[in-house]
$ cat data_9.txt   # compact mmCIF, C-alpha atoms
# COMPACT_ATOMS: atom_id res chain seq x y z
CA MET A 1 126.22 75.37 122.10
CA SER A 2 129.75 75.58 120.68
CA THR A 3 128.68 74.52 117.19
CA SER A 4 126.06 77.25 116.92
CA THR A 5 128.41 79.84 118.40
CA SER A 6 131.05 78.93 115.83
CA ALA A 7 128.49 79.41 113.10
CA ILE A 8 127.72 82.90 114.37
CA ASP A 9 131.44 83.70 114.51
CA ALA A 10 131.87 82.47 110.94
CA LEU A 11 128.98 84.61 109.78
CA ALA A 12 130.38 87.67 111.54
CA THR A 13 133.79 87.27 109.92
CA GLY A 14 132.29 87.10 106.43
CA ALA A 15 132.62 83.35 105.74
CA THR A 16 129.32 83.66 103.88
CA SER A 17 130.05 86.74 101.78
CA LEU A 18 126.96 88.22 100.11
CA LEU A 19 126.50 91.90 99.27
CA ARG A 20 123.10 93.38 98.45
CA PHE A 21 123.47 96.67 96.65
CA ALA A 22 121.31 99.04 94.63
CA THR A 23 122.12 101.30 91.73
CA ALA A 24 120.51 104.70 91.24
CA GLY A 25 121.01 107.63 88.93
CA SER A 26 119.23 110.30 86.98
CA VAL A 27 118.06 109.80 83.40
CA ASP A 28 120.94 109.17 80.97
CA ASP A 29 123.60 109.14 83.68
CA GLY A 30 124.72 105.78 82.26
CA LYS A 31 123.30 103.41 84.83
CA SER A 32 122.38 100.73 82.30
CA THR A 33 125.85 100.88 80.78
CA LEU A 34 127.49 100.59 84.22
CA VAL A 35 125.42 97.54 85.11
CA GLY A 36 126.16 96.01 81.72
CA ARG A 37 129.87 96.71 82.11
CA LEU A 38 129.94 95.13 85.58
CA LEU A 39 128.20 92.01 84.30
CA HIS A 40 130.34 91.79 81.16
CA ASP A 41 133.76 92.46 82.65
CA SER A 42 133.12 90.21 85.66
CA LYS A 43 132.33 87.37 83.21
CA SER A 44 128.72 87.19 84.43
CA VAL A 45 127.13 87.35 80.95
CA LEU A 46 126.21 84.16 79.17
CA ALA A 47 127.64 83.66 75.69
CA ASP A 48 124.23 83.77 73.97
CA GLN A 49 123.34 87.01 75.79
CA LEU A 50 126.56 88.66 74.64
CA GLU A 51 126.03 87.39 71.09
CA ALA A 52 122.53 88.90 71.06
CA VAL A 53 123.88 92.24 72.27
CA GLU A 54 126.63 92.21 69.64
CA HIS A 55 124.09 91.42 66.92
CA ALA A 56 121.73 94.20 68.06
CA SER A 57 124.64 96.64 68.22
CA ARG A 58 125.78 95.81 64.67
CA SER A 59 122.23 96.25 63.37
CA ARG A 60 122.32 99.77 64.81
CA GLY A 61 125.59 100.54 63.04
CA GLN A 62 127.73 100.29 66.20
CA GLU A 63 131.10 98.61 65.95
CA ALA A 64 131.47 97.83 69.65
CA PRO A 65 128.74 96.02 71.64
CA ASP A 66 126.40 98.40 73.46
CA LEU A 67 126.46 96.93 76.97
CA ALA A 68 123.45 99.02 77.98
CA LEU A 69 121.39 96.59 75.90
CA LEU A 70 121.96 93.98 78.62
CA THR A 71 119.53 95.94 80.81
CA ASP A 72 117.57 97.98 78.28
CA GLY A 73 114.70 95.50 78.37
CA LEU A 74 113.26 97.57 81.21
CA ARG A 75 113.38 100.69 79.06
CA ALA A 76 111.56 98.90 76.25
CA GLU A 77 108.89 97.74 78.69
CA ARG A 78 108.44 101.32 79.93
CA GLU A 79 107.93 102.54 76.37
CA GLN A 80 105.18 99.94 75.98
CA GLY A 81 103.42 101.29 79.08
CA ILE A 82 104.18 98.27 81.25
CA THR A 83 104.52 98.96 84.97
CA ILE A 84 108.17 98.82 85.98
CA ASP A 85 109.40 97.42 89.25
CA VAL A 86 112.91 96.92 90.55
CA ALA A 87 114.89 94.37 88.53
CA TYR A 88 117.16 92.09 90.53
CA ARG A 89 120.29 90.62 89.03
CA TYR A 90 122.59 88.02 90.52
CA PHE A 91 126.29 87.61 89.80
CA ALA A 92 129.42 86.47 91.56
CA THR A 93 133.17 86.83 91.56
CA PRO A 94 135.69 84.57 93.30
CA ARG A 95 135.64 86.96 96.27
CA ARG A 96 131.93 87.63 96.83
CA ARG A 97 128.37 86.99 95.68
CA PHE A 98 126.12 89.90 94.74
CA ILE A 99 122.43 90.71 94.53
CA LEU A 100 121.97 93.87 92.50
CA ALA A 101 118.74 95.87 92.68
CA ASP A 102 118.61 97.84 89.45
CA THR A 103 116.29 100.80 90.08
CA PRO A 104 114.81 103.00 87.31
CA GLY A 105 116.22 106.49 86.93
CA HIS A 106 113.20 108.56 85.96
CA VAL A 107 111.77 110.95 88.54
CA GLN A 108 108.39 109.23 88.49
CA TYR A 109 110.09 105.98 89.53
CA THR A 110 111.99 107.41 92.50
CA ARG A 111 109.64 105.46 94.77
CA ASN A 112 111.03 102.24 93.29
CA MET A 113 114.41 103.09 94.74
CA VAL A 114 112.81 102.70 98.16
CA THR A 115 112.03 99.10 97.25
CA GLY A 116 115.50 98.39 95.91
CA ALA A 117 117.44 100.14 98.66
CA SER A 118 115.33 98.97 101.60
CA THR A 119 117.40 95.79 101.97
CA ALA A 120 120.63 97.11 100.42
CA GLU A 121 123.88 97.38 102.34
CA LEU A 122 125.36 99.67 99.69
CA ALA A 123 124.00 102.12 97.12
CA VAL A 124 125.79 103.20 93.94
CA VAL A 125 124.65 106.69 92.90
CA LEU A 126 125.67 107.68 89.38
CA VAL A 127 126.37 111.26 88.29
CA ASP A 128 127.07 112.48 84.76
CA ALA A 129 130.41 114.31 84.95
CA ARG A 130 129.11 116.94 82.50
CA ASN A 131 126.01 117.76 84.57
CA GLY A 132 127.24 117.30 88.12
CA VAL A 133 124.90 116.88 91.08
CA VAL A 134 121.29 117.43 89.99
CA GLU A 135 117.98 117.28 91.85
CA GLN A 136 117.52 113.57 91.22
CA THR A 137 121.02 112.95 92.62
CA ARG A 138 120.04 114.73 95.81
CA ARG A 139 116.78 112.80 95.92
CA HIS A 140 118.60 109.47 95.68
CA ALA A 141 121.07 110.53 98.37
CA ALA A 142 118.17 111.49 100.63
CA VAL A 143 116.43 108.16 100.07
CA ALA A 144 119.67 106.29 100.83
CA ALA A 145 120.04 108.30 104.04
CA LEU A 146 116.42 107.76 105.05
CA LEU A 147 116.79 104.02 104.54
CA ARG A 148 120.02 104.03 106.58
CA VAL A 149 122.04 102.42 103.79
CA PRO A 150 125.44 102.12 105.52
CA HIS A 151 127.65 102.57 102.43
CA VAL A 152 127.19 104.91 99.45
CA VAL A 153 129.37 104.98 96.33
CA LEU A 154 129.35 108.10 94.17
CA ALA A 155 130.22 106.95 90.64
CA VAL A 156 131.13 110.03 88.58
CA ASN A 157 130.46 108.63 85.10
CA LYS A 158 131.37 109.75 81.57
CA MET A 159 134.77 111.03 82.63
CA ASP A 160 135.90 110.40 79.04
CA LEU A 161 133.61 113.23 77.92
CA VAL A 162 135.37 115.74 80.19
CA ASP A 163 138.87 114.65 79.17
CA TYR A 164 139.33 112.72 82.43
CA ALA A 165 139.83 116.03 84.24
CA GLU A 166 140.58 115.62 87.93
CA PRO A 167 139.16 119.06 88.92
CA VAL A 168 135.77 118.12 87.48
CA PHE A 169 135.67 114.95 89.54
CA ALA A 170 136.95 116.68 92.67
CA ALA A 171 134.28 119.40 92.50
CA ILE A 172 131.44 116.90 92.06
CA ALA A 173 132.78 114.63 94.80
CA GLU A 174 133.07 117.52 97.25
CA GLU A 175 129.53 118.79 96.53
CA PHE A 176 127.94 115.37 96.86
CA THR A 177 129.95 114.38 99.93
CA THR A 178 128.99 117.58 101.73
CA TYR A 179 125.31 117.10 100.90
CA ALA A 180 125.22 113.38 101.80
CA ALA A 181 127.16 113.95 105.03
CA SER A 182 124.59 116.55 106.10
CA LEU A 183 121.98 113.81 105.76
CA GLY A 184 123.97 111.52 108.04
CA VAL A 185 125.26 109.05 105.43
CA PRO A 186 128.02 107.27 107.41
CA GLU A 187 130.38 106.35 104.56
CA ILE A 188 130.79 107.87 101.10
CA THR A 189 133.29 106.64 98.48
CA ALA A 190 133.73 108.63 95.26
CA ILE A 191 135.06 106.85 92.15
CA PRO A 192 135.67 108.45 88.72
CA ILE A 193 134.57 106.09 85.94
CA SER A 194 133.67 105.72 82.31
CA ALA A 195 131.18 102.88 82.08
CA LEU A 196 131.27 103.01 78.28
CA ALA A 197 135.06 102.68 78.06
CA GLY A 198 135.39 100.51 81.17
CA ASP A 199 137.58 102.92 83.12
CA ASN A 200 137.67 102.09 86.85
CA VAL A 201 134.62 99.81 86.67
CA VAL A 202 136.34 96.44 86.86
CA SER A 203 139.83 97.34 85.65
CA PRO A 204 141.88 100.41 86.68
CA SER A 205 141.92 103.28 84.20
CA ALA A 206 145.01 104.13 82.20
CA HIS A 207 143.62 107.64 81.67
CA MET A 208 143.29 108.67 85.32
CA ASP A 209 146.65 108.07 86.93
CA TRP A 210 145.77 110.84 89.40
CA TYR A 211 143.21 108.51 91.01
CA GLY A 212 144.64 105.97 93.44
CA GLY A 213 141.47 104.47 94.90
CA PRO A 214 139.66 101.21 94.15
CA THR A 215 137.62 100.37 91.07
CA VAL A 216 133.88 99.94 91.49
CA LEU A 217 134.10 96.14 91.56
CA GLU A 218 137.09 96.16 93.91
CA HIS A 219 135.18 98.32 96.36
CA LEU A 220 132.11 96.09 96.07
CA GLU A 221 134.26 93.04 96.77
CA THR A 222 136.02 94.47 99.82
CA VAL A 223 133.57 96.78 101.58
CA PRO A 224 132.81 95.33 105.05
CA VAL A 225 129.10 94.64 105.31
CA VAL A 226 128.65 91.50 107.42
CA ALA A 227 127.72 92.39 111.00
CA ASP A 228 127.65 90.22 114.10
CA PRO A 229 123.96 89.36 114.64
CA SER A 230 124.50 89.05 118.38
CA GLU A 231 125.01 92.82 118.54
CA ASP A 232 121.37 93.45 117.58
CA PRO A 233 118.36 92.86 119.86
CA GLY A 234 116.51 89.62 119.15
CA ARG A 235 113.24 89.99 117.25
CA PHE A 236 111.04 87.10 116.11
CA PRO A 237 107.74 87.94 114.38
CA VAL A 238 105.44 84.92 114.51
CA GLN A 239 104.30 83.88 111.05
CA TYR A 240 102.53 80.59 111.70
CA VAL A 241 101.49 78.44 114.66
CA ILE A 242 102.30 74.73 114.28
CA ARG A 243 99.99 72.32 116.11
CA PRO A 244 100.20 68.84 114.49
CA GLN A 245 98.02 67.18 117.19
CA THR A 246 99.08 63.76 115.96
CA ALA A 247 99.78 60.59 117.89
CA GLU A 248 103.50 61.20 117.42
CA HIS A 249 103.32 64.87 118.48
CA PRO A 250 100.20 65.24 120.63
CA ASP A 251 101.36 68.30 122.58
CA TYR A 252 103.66 69.99 120.06
CA ARG A 253 103.15 73.76 119.89
CA GLY A 254 105.66 75.68 117.79
CA TYR A 255 105.79 79.21 116.44
CA ALA A 256 107.33 79.41 112.99
CA GLY A 257 108.86 82.43 111.32
CA GLN A 258 112.09 84.19 110.42
CA VAL A 259 114.40 85.77 112.97
CA ALA A 260 114.21 89.43 111.98
CA SER A 261 117.28 90.50 113.95
CA GLY A 262 119.62 89.38 116.68
CA VAL A 263 119.96 85.97 118.27
CA LEU A 264 117.59 83.61 120.12
CA ARG A 265 118.91 81.06 122.62
CA VAL A 266 117.39 78.06 124.37
CA GLY A 267 116.70 78.89 128.02
CA GLU A 268 116.43 82.62 127.35
CA ALA A 269 113.62 84.59 129.02
CA VAL A 270 111.35 86.12 126.38
CA THR A 271 108.35 88.44 126.24
CA VAL A 272 105.47 88.05 123.80
CA LEU A 273 104.21 91.36 122.41
CA PRO A 274 101.87 93.13 122.40
CA SER A 275 100.33 91.05 125.22
CA GLY A 276 103.41 91.34 127.46
CA ARG A 277 103.22 87.69 128.60
CA THR A 278 106.55 86.10 129.48
CA SER A 279 108.09 82.65 129.16
CA THR A 280 111.39 80.99 128.30
CA ILE A 281 112.56 79.37 125.08
CA GLU A 282 112.32 75.62 125.58
CA ALA A 283 113.56 74.55 122.13
CA LEU A 284 114.55 75.86 118.71
CA ASP A 285 113.99 73.79 115.57
CA VAL A 286 115.85 74.55 112.32
CA LEU A 287 115.19 72.35 109.30
CA GLY A 288 113.78 69.64 111.54
CA GLN A 289 116.80 69.61 113.85
CA SER A 290 116.99 70.97 117.39
CA VAL A 291 119.59 73.69 117.92
CA ASP A 292 120.70 75.77 120.88
CA VAL A 293 121.04 79.10 119.04
CA ALA A 294 119.30 80.71 116.06
CA TRP A 295 120.14 84.04 114.46
CA ALA A 296 118.88 86.39 111.77
CA PRO A 297 117.88 85.72 109.05
CA GLN A 298 117.28 82.03 109.79
CA SER A 299 113.80 80.54 109.51
CA VAL A 300 113.08 78.65 112.73
CA THR A 301 110.37 77.22 114.92
CA VAL A 302 110.36 78.47 118.50
CA ARG A 303 108.90 76.37 121.33
CA LEU A 304 108.18 78.00 124.68
CA ALA A 305 108.03 76.50 128.15
CA ASP A 306 104.47 77.82 128.73
CA ASP A 307 101.29 77.49 126.72
CA LEU A 308 100.47 81.07 125.81
CA ASP A 309 97.88 82.57 123.50
CA ILE A 310 100.16 83.43 120.57
CA SER A 311 99.14 83.93 116.96
CA ARG A 312 100.42 85.36 113.68
CA GLY A 313 101.53 88.96 114.12
CA ASP A 314 102.81 88.58 117.68
CA LEU A 315 106.47 89.36 118.35
CA ILE A 316 108.74 87.24 120.55
CA ALA A 317 111.74 89.11 121.95
CA PRO A 318 114.27 88.55 124.74
CA THR A 319 112.84 90.19 127.85
CA ALA A 320 116.02 92.13 128.53
CA THR A 321 115.85 93.95 125.18
CA ALA A 322 112.12 93.84 124.40
CA PRO A 323 110.76 96.90 122.57
CA GLY A 324 108.00 99.10 123.91
CA VAL A 325 104.49 99.04 122.47
CA SER A 326 102.42 102.01 121.38
CA GLN A 327 99.41 103.02 119.33
CA ASP A 328 100.87 106.43 118.45
CA ILE A 329 103.51 106.39 115.73
CA GLU A 330 105.62 109.20 114.32
CA ALA A 331 107.56 108.33 111.20
CA THR A 332 109.25 109.54 108.06
CA VAL A 333 107.62 108.12 104.96
CA CYS A 334 108.04 107.96 101.21
CA HIS A 335 104.68 108.00 99.44
CA VAL A 336 104.66 105.51 96.57
CA ALA A 337 101.04 105.52 95.34
CA ASP A 338 99.72 107.76 92.57
CA ARG A 339 96.83 108.99 94.70
CA PRO A 340 97.87 111.25 97.59
CA LEU A 341 98.02 110.43 101.30
CA THR A 342 95.83 112.84 103.27
CA VAL A 343 95.16 113.75 106.89
CA GLY A 344 92.27 111.70 108.26
CA GLN A 345 92.79 108.88 105.76
CA ARG A 346 92.06 105.36 107.01
CA VAL A 347 94.72 102.82 106.17
CA LEU A 348 96.06 99.41 107.09
CA LEU A 349 99.50 99.35 108.67
CA LYS A 350 101.60 96.26 107.99
CA HIS A 351 104.54 95.76 110.35
CA THR A 352 106.46 92.48 109.98
CA THR A 353 103.69 89.84 110.13
CA ARG A 354 101.13 92.05 111.91
CA THR A 355 98.51 94.18 110.14
CA VAL A 356 96.32 96.67 112.02
CA LYS A 357 93.92 99.48 111.15
CA ALA A 358 95.25 103.02 111.45
CA ILE A 359 94.35 106.65 110.83
CA VAL A 360 96.64 109.36 109.49
CA LYS A 361 96.24 111.91 112.28
CA ASP A 362 98.65 114.52 110.96
CA ILE A 363 101.19 115.31 108.23
CA PRO A 364 103.44 117.86 109.98
CA SER A 365 105.86 118.44 107.11
CA ARG A 366 107.11 117.57 103.65
CA LEU A 367 110.81 117.48 102.84
CA THR A 368 112.23 119.89 100.24
CA LEU A 369 115.25 118.12 98.82
CA ASP A 370 116.97 121.18 97.37
CA ASP A 371 117.88 122.61 100.77
CA LEU A 372 116.55 119.89 103.13
CA SER A 373 114.02 122.33 104.55
CA GLN A 374 110.66 121.21 105.87
CA HIS A 375 107.49 122.50 104.23
CA PRO A 376 105.09 122.72 107.18
CA ALA A 377 101.54 121.31 107.18
CA PRO A 378 101.33 120.27 103.50
CA GLY A 379 97.99 118.56 104.09
CA GLU A 380 98.87 115.65 101.83
CA LEU A 381 101.77 113.73 100.31
CA ALA A 382 101.85 113.08 96.57
CA ALA A 383 103.70 110.30 94.74
CA ASN A 384 107.45 110.35 95.47
CA ASP A 385 107.02 112.87 98.32
CA ILE A 386 109.03 112.34 101.51
CA GLY A 387 107.48 113.67 104.69
CA ARG A 388 106.67 113.24 108.35
CA ILE A 389 103.37 111.71 109.45
CA VAL A 390 101.61 110.86 112.70
CA LEU A 391 99.51 107.69 112.94
CA ARG A 392 97.10 106.23 115.47
CA THR A 393 96.65 102.47 115.28
CA ALA A 394 93.72 100.34 116.41
CA GLY A 395 96.02 98.11 118.45
CA PRO A 396 99.45 98.43 120.05
CA LEU A 397 102.54 97.71 117.95
CA ALA A 398 106.00 96.61 119.05
CA LEU A 399 107.79 98.98 116.69
CA ASP A 400 111.50 99.70 116.95
CA ALA A 401 113.04 102.96 115.80
CA TYR A 402 114.25 102.54 112.24
CA ALA A 403 117.66 103.81 113.32
CA ASP A 404 117.93 100.80 115.64
CA SER A 405 116.50 98.16 113.29
CA ARG A 406 115.79 98.55 109.60
CA ARG A 407 113.73 95.35 109.67
CA THR A 408 111.44 95.96 112.65
CA GLY A 409 111.46 99.75 112.37
CA SER A 410 109.85 99.79 108.94
CA PHE A 411 106.24 99.41 107.88
CA LEU A 412 103.86 99.79 104.94
CA LEU A 413 100.59 101.66 104.69
CA ILE A 414 97.99 99.85 102.59
CA ASP A 415 94.67 100.95 101.13
CA PRO A 416 92.02 98.86 102.92
CA ALA A 417 89.70 99.06 99.92
CA ASP A 418 91.87 97.41 97.27
CA GLY A 419 95.12 96.38 98.97
CA THR A 420 97.28 98.93 97.12
CA THR A 421 100.56 99.82 98.80
CA LEU A 422 100.39 103.53 99.61
CA THR A 423 103.44 104.45 101.66
CA ALA A 424 106.73 103.06 102.96
CA GLY A 425 107.47 104.21 106.51
CA MET A 426 110.49 104.45 108.79
CA ALA A 427 109.64 104.89 112.47
CA GLY A 428 111.39 107.56 114.48
CA THR A 429 113.62 110.40 113.35
CA ALA A 430 114.37 111.04 109.70
CA PHE A 431 118.07 111.47 109.04
CA ALA A 432 120.86 110.40 111.35
CA GLU A 433 122.06 113.99 111.85
CA ALA A 434 118.73 115.78 111.37
CA ALA A 435 116.97 117.68 114.14
CA GLU A 436 113.59 116.54 115.33
CA VAL A 437 110.69 117.99 113.35
CA ALA A 438 108.67 120.36 115.54
CA GLU A 439 105.33 118.93 116.58
CA ALA A 440 102.28 120.67 115.09
CA ASP A 441 98.93 121.01 116.83
CA ARG A 442 96.95 117.86 116.08
CA ALA A 443 93.19 117.80 115.75
CA GLU A 444 91.68 114.95 117.74
CA ALA A 445 88.32 115.04 116.01
CA ALA A 446 86.41 111.79 116.39
CA ASP A 447 86.09 109.50 113.37
CA ASP A 448 83.13 107.27 112.67
CA GLU A 449 82.59 103.84 111.09
CA GLY A 450 84.62 102.04 113.76
CA TRP A 451 87.91 103.82 112.98
CA ASP A 452 87.93 106.12 116.01
CA PHE A 453 90.73 104.81 118.23

$ encode --input "data_9.txt" --output "structure tokens"
Amino acid sequence: MSTSTSAIDALATGATSLLRFATAGSVDDGKSTLVGRLLHDSKSVLADQLEAVEHASRSRGQEAPDLALLTDGLRAEREQGITIDVAYRYFATPRRRFILADTPGHVQYTRNMVTGASTAELAVVLVDARNGVVEQTRRHAAVAALLRVPHVVLAVNKMDLVDYAEPVFAAIAEEFTTYAASLGVPEITAIPISALAGDNVVSPSAHMDWYGGPTVLEHLETVPVVADPSEDPGRFPVQYVIRPQTAEHPDYRGYAGQVASGVLRVGEAVTVLPSGRTSTIEALDVLGQSVDVAWAPQSVTVRLADDLDISRGDLIAPTATAPGVSQDIEATVCHVADRPLTVGQRVLLKHTTRTVKAIVKDIPSRLTLDDLSQHPAPGELAANDIGRIVLRTAGPLALDAYADSRRTGSFLLIDPADGTTLTAGMAGTAFAEAAEVAEADRAEAADDEGWDF
């Protein structure tokens, strides 16, 4: 077991250093220029890409290359009416590898930030120094808090247009920090930058000697994000059952999938949910080799000591830390579909590898981002709305609180008619510091057509 334990220790100390982060910002806050500057100054732009940008810039009468053109393809697609999703970009420095989720800035694409930030360990929120914190800034901070993004960077951009004035930066940083802290964001780092001029993006600024903190890239390279997987409860959603039934493997029965969180160990007592049957882990197979320990996010095959009725959608968890199961779910959601989510609506709920029928029993409140107040009993949630909902599922789910596990505490609501994704949900309380939303009276009227649970 020493080899596997050493691997976990290496992972925990950052031997494999990868940071997933998302960028967000209101329209014209300079997000495209910041991303372009990061890619350019970190030497992550190919020569032909830079040449194309320089040529396009000269054709527009610009002497210096417009680095926003490195990411403006998305803007051009939007102008052509093409649906825009999150764009992922990959780059690396000698100190760390990065996966950047570049999310659109327009209000109507706020829902796409949910996609980009759902797996992010850090979010960069841009603010135009001339405009300060605006509604979209608060919306992005709220989404980052809802998704429990552990690190948030406030990049106060266009400092060159306010003469690099420290009081301007200090006022914006204080306003944003106060707002984000009230949402329960655990760590906020404010950095004054000029993405156009390159100040404090990759290289320190010569115009802001009053600022002694890190540049954007320096912070991205050094922020601690790698956690010890053994600190989280083990969760293994079954994706596929392997039964070769060949002469070589006549009795082989393995359950394949990805470890969603925590660690699994040979000999460990486990519970299969939602059935509640118990067994012990007899073997773990990784890439065709038997191992003693497997951890998130490895893809493995689990073999149990007992032949149990297990299929796709079941969850295998260590008995000592197994989650409870329930058919009644209260969650905070971000509605992403154009058509509204209404009380009484029939949906499919997808949680890890399990999909069950569900009914929206109640929508107790909708969040007002200006003052974080709750608008009671809205009746429906429109696109980009954030609110509280109550669901009743056709079968029990082993759902963790999102505060405990971002992976197994999240779910999607899907339209059963056409498969459209309707809503992204986070089980349990909304913000880390927020009070529980008061429960409203819930009508328990019977539903027909086999959806009355």

$ closest_residue --input "data_9.txt" --among "A:Thr421, A:Thr222, A:Ser26, A:Thr352" --to "Asp314 in chain A" --atoms "only C-alpha atoms"
A:Thr352

$ residues_near_point --input "data_9.txt" --point "(136.6, 104.7, 101.5)" --cutoff "10 Å" --atoms "only C-alpha atoms" --output "count of residues only"
12

$ closest_residue --input "data_9.txt" --among "A:Asp228, A:Ala403, A:Glu174, A:Val300" --to "Pro150 in chain A" --atoms "only C-alpha atoms"
A:Ala403

$ closest_residue --input "data_9.txt" --among "A:Ala227, A:Val185, A:Ala24, A:Leu287" --to "Val127 in chain A" --atoms "all atoms listed in the file"
A:Ala24

$ residues_around --input "data_9.txt" --residues "Thr271 in chain A" --least-positions-apart "5" --cutoff "10 Å" --atoms "all atoms listed in the file" --output "ChimeraX atom specification"
/A:276-280,315-323

$ closest_residue --input "data_9.txt" --among "A:Ser42, A:Val263, A:Gly324, A:Arg20" --to "Ser118 in chain A" --atoms "only C-alpha atoms"
A:Arg20

$ atom_distance --input "data_9.txt" --atom1 "CA of Gly234 in chain A" --atom2 "CA of Pro274 in chain A"
15.4 Å

$ atom_distance --input "data_9.txt" --atom1 "CA of Pro94 in chain A" --atom2 "CA of Glu121 in chain A"
19.6 Å

$ closest_residue --input "data_9.txt" --among "A:Thr342, A:Glu218, A:Leu183, A:Ser410" --to "Pro378 in chain A" --atoms "all atoms listed in the file"
A:Thr342

$ atom_distance --input "data_9.txt" --atom1 "CA of Leu38 in chain A" --atom2 "CA of Glu166 in chain A"
23.2 Å

$ closest_residue --input "data_9.txt" --among "A:Leu397, A:Pro297, A:Ala269, A:Pro364" --to "Gly409 in chain A" --atoms "only C-alpha atoms"
A:Leu397

$ residues_near_point --input "data_9.txt" --point "(142.3, 104.7, 87.8)" --cutoff "6 Å" --atoms "all atoms listed in the file" --output "PyMOL selection string"
chain A and resi 200+204-205+208-209+211

$ residues_around --input "data_9.txt" --residues "Val201 in chain A" --least-positions-apart "2" --cutoff "8 Å" --atoms "only C-alpha atoms" --output "list in words"
Leu34, Arg37, Leu38, Ile193, Ser194, Ala195, Gly198, Asp199, Ser203, Pro204, Thr215, Val216 and Leu217 of chain A

$ residues_around --input "data_9.txt" --residues "Leu412 in chain A" --least-positions-apart "4" --cutoff "9 Å" --atoms "all atoms listed in the file" --output "MDAnalysis selection string"
chainID A and resid 348:351 421:426

$ write_last_selection --input "data_9.txt" --atoms "C-alpha atoms" --output "PDB file, keeping the file's coordinate frame"
ATOM      1  CA  LEU A 348      96.060  99.410 107.090  1.00  0.00           C
ATOM      2  CA  LEU A 349      99.500  99.350 108.670  1.00  0.00           C
ATOM      3  CA  LYS A 350     101.600  96.260 107.990  1.00  0.00           C
ATOM      4  CA  HIS A 351     104.540  95.760 110.350  1.00  0.00           C
ATOM      5  CA  THR A 421     100.560  99.820  98.800  1.00  0.00           C
ATOM      6  CA  LEU A 422     100.390 103.530  99.610  1.00  0.00           C
ATOM      7  CA  THR A 423     103.440 104.450 101.660  1.00  0.00           C
ATOM      8  CA  ALA A 424     106.730 103.060 102.960  1.00  0.00           C
ATOM      9  CA  GLY A 425     107.470 104.210 106.510  1.00  0.00           C
ATOM     10  CA  MET A 426     110.490 104.450 108.790  1.00  0.00           C
TER      11      MET A 426
END
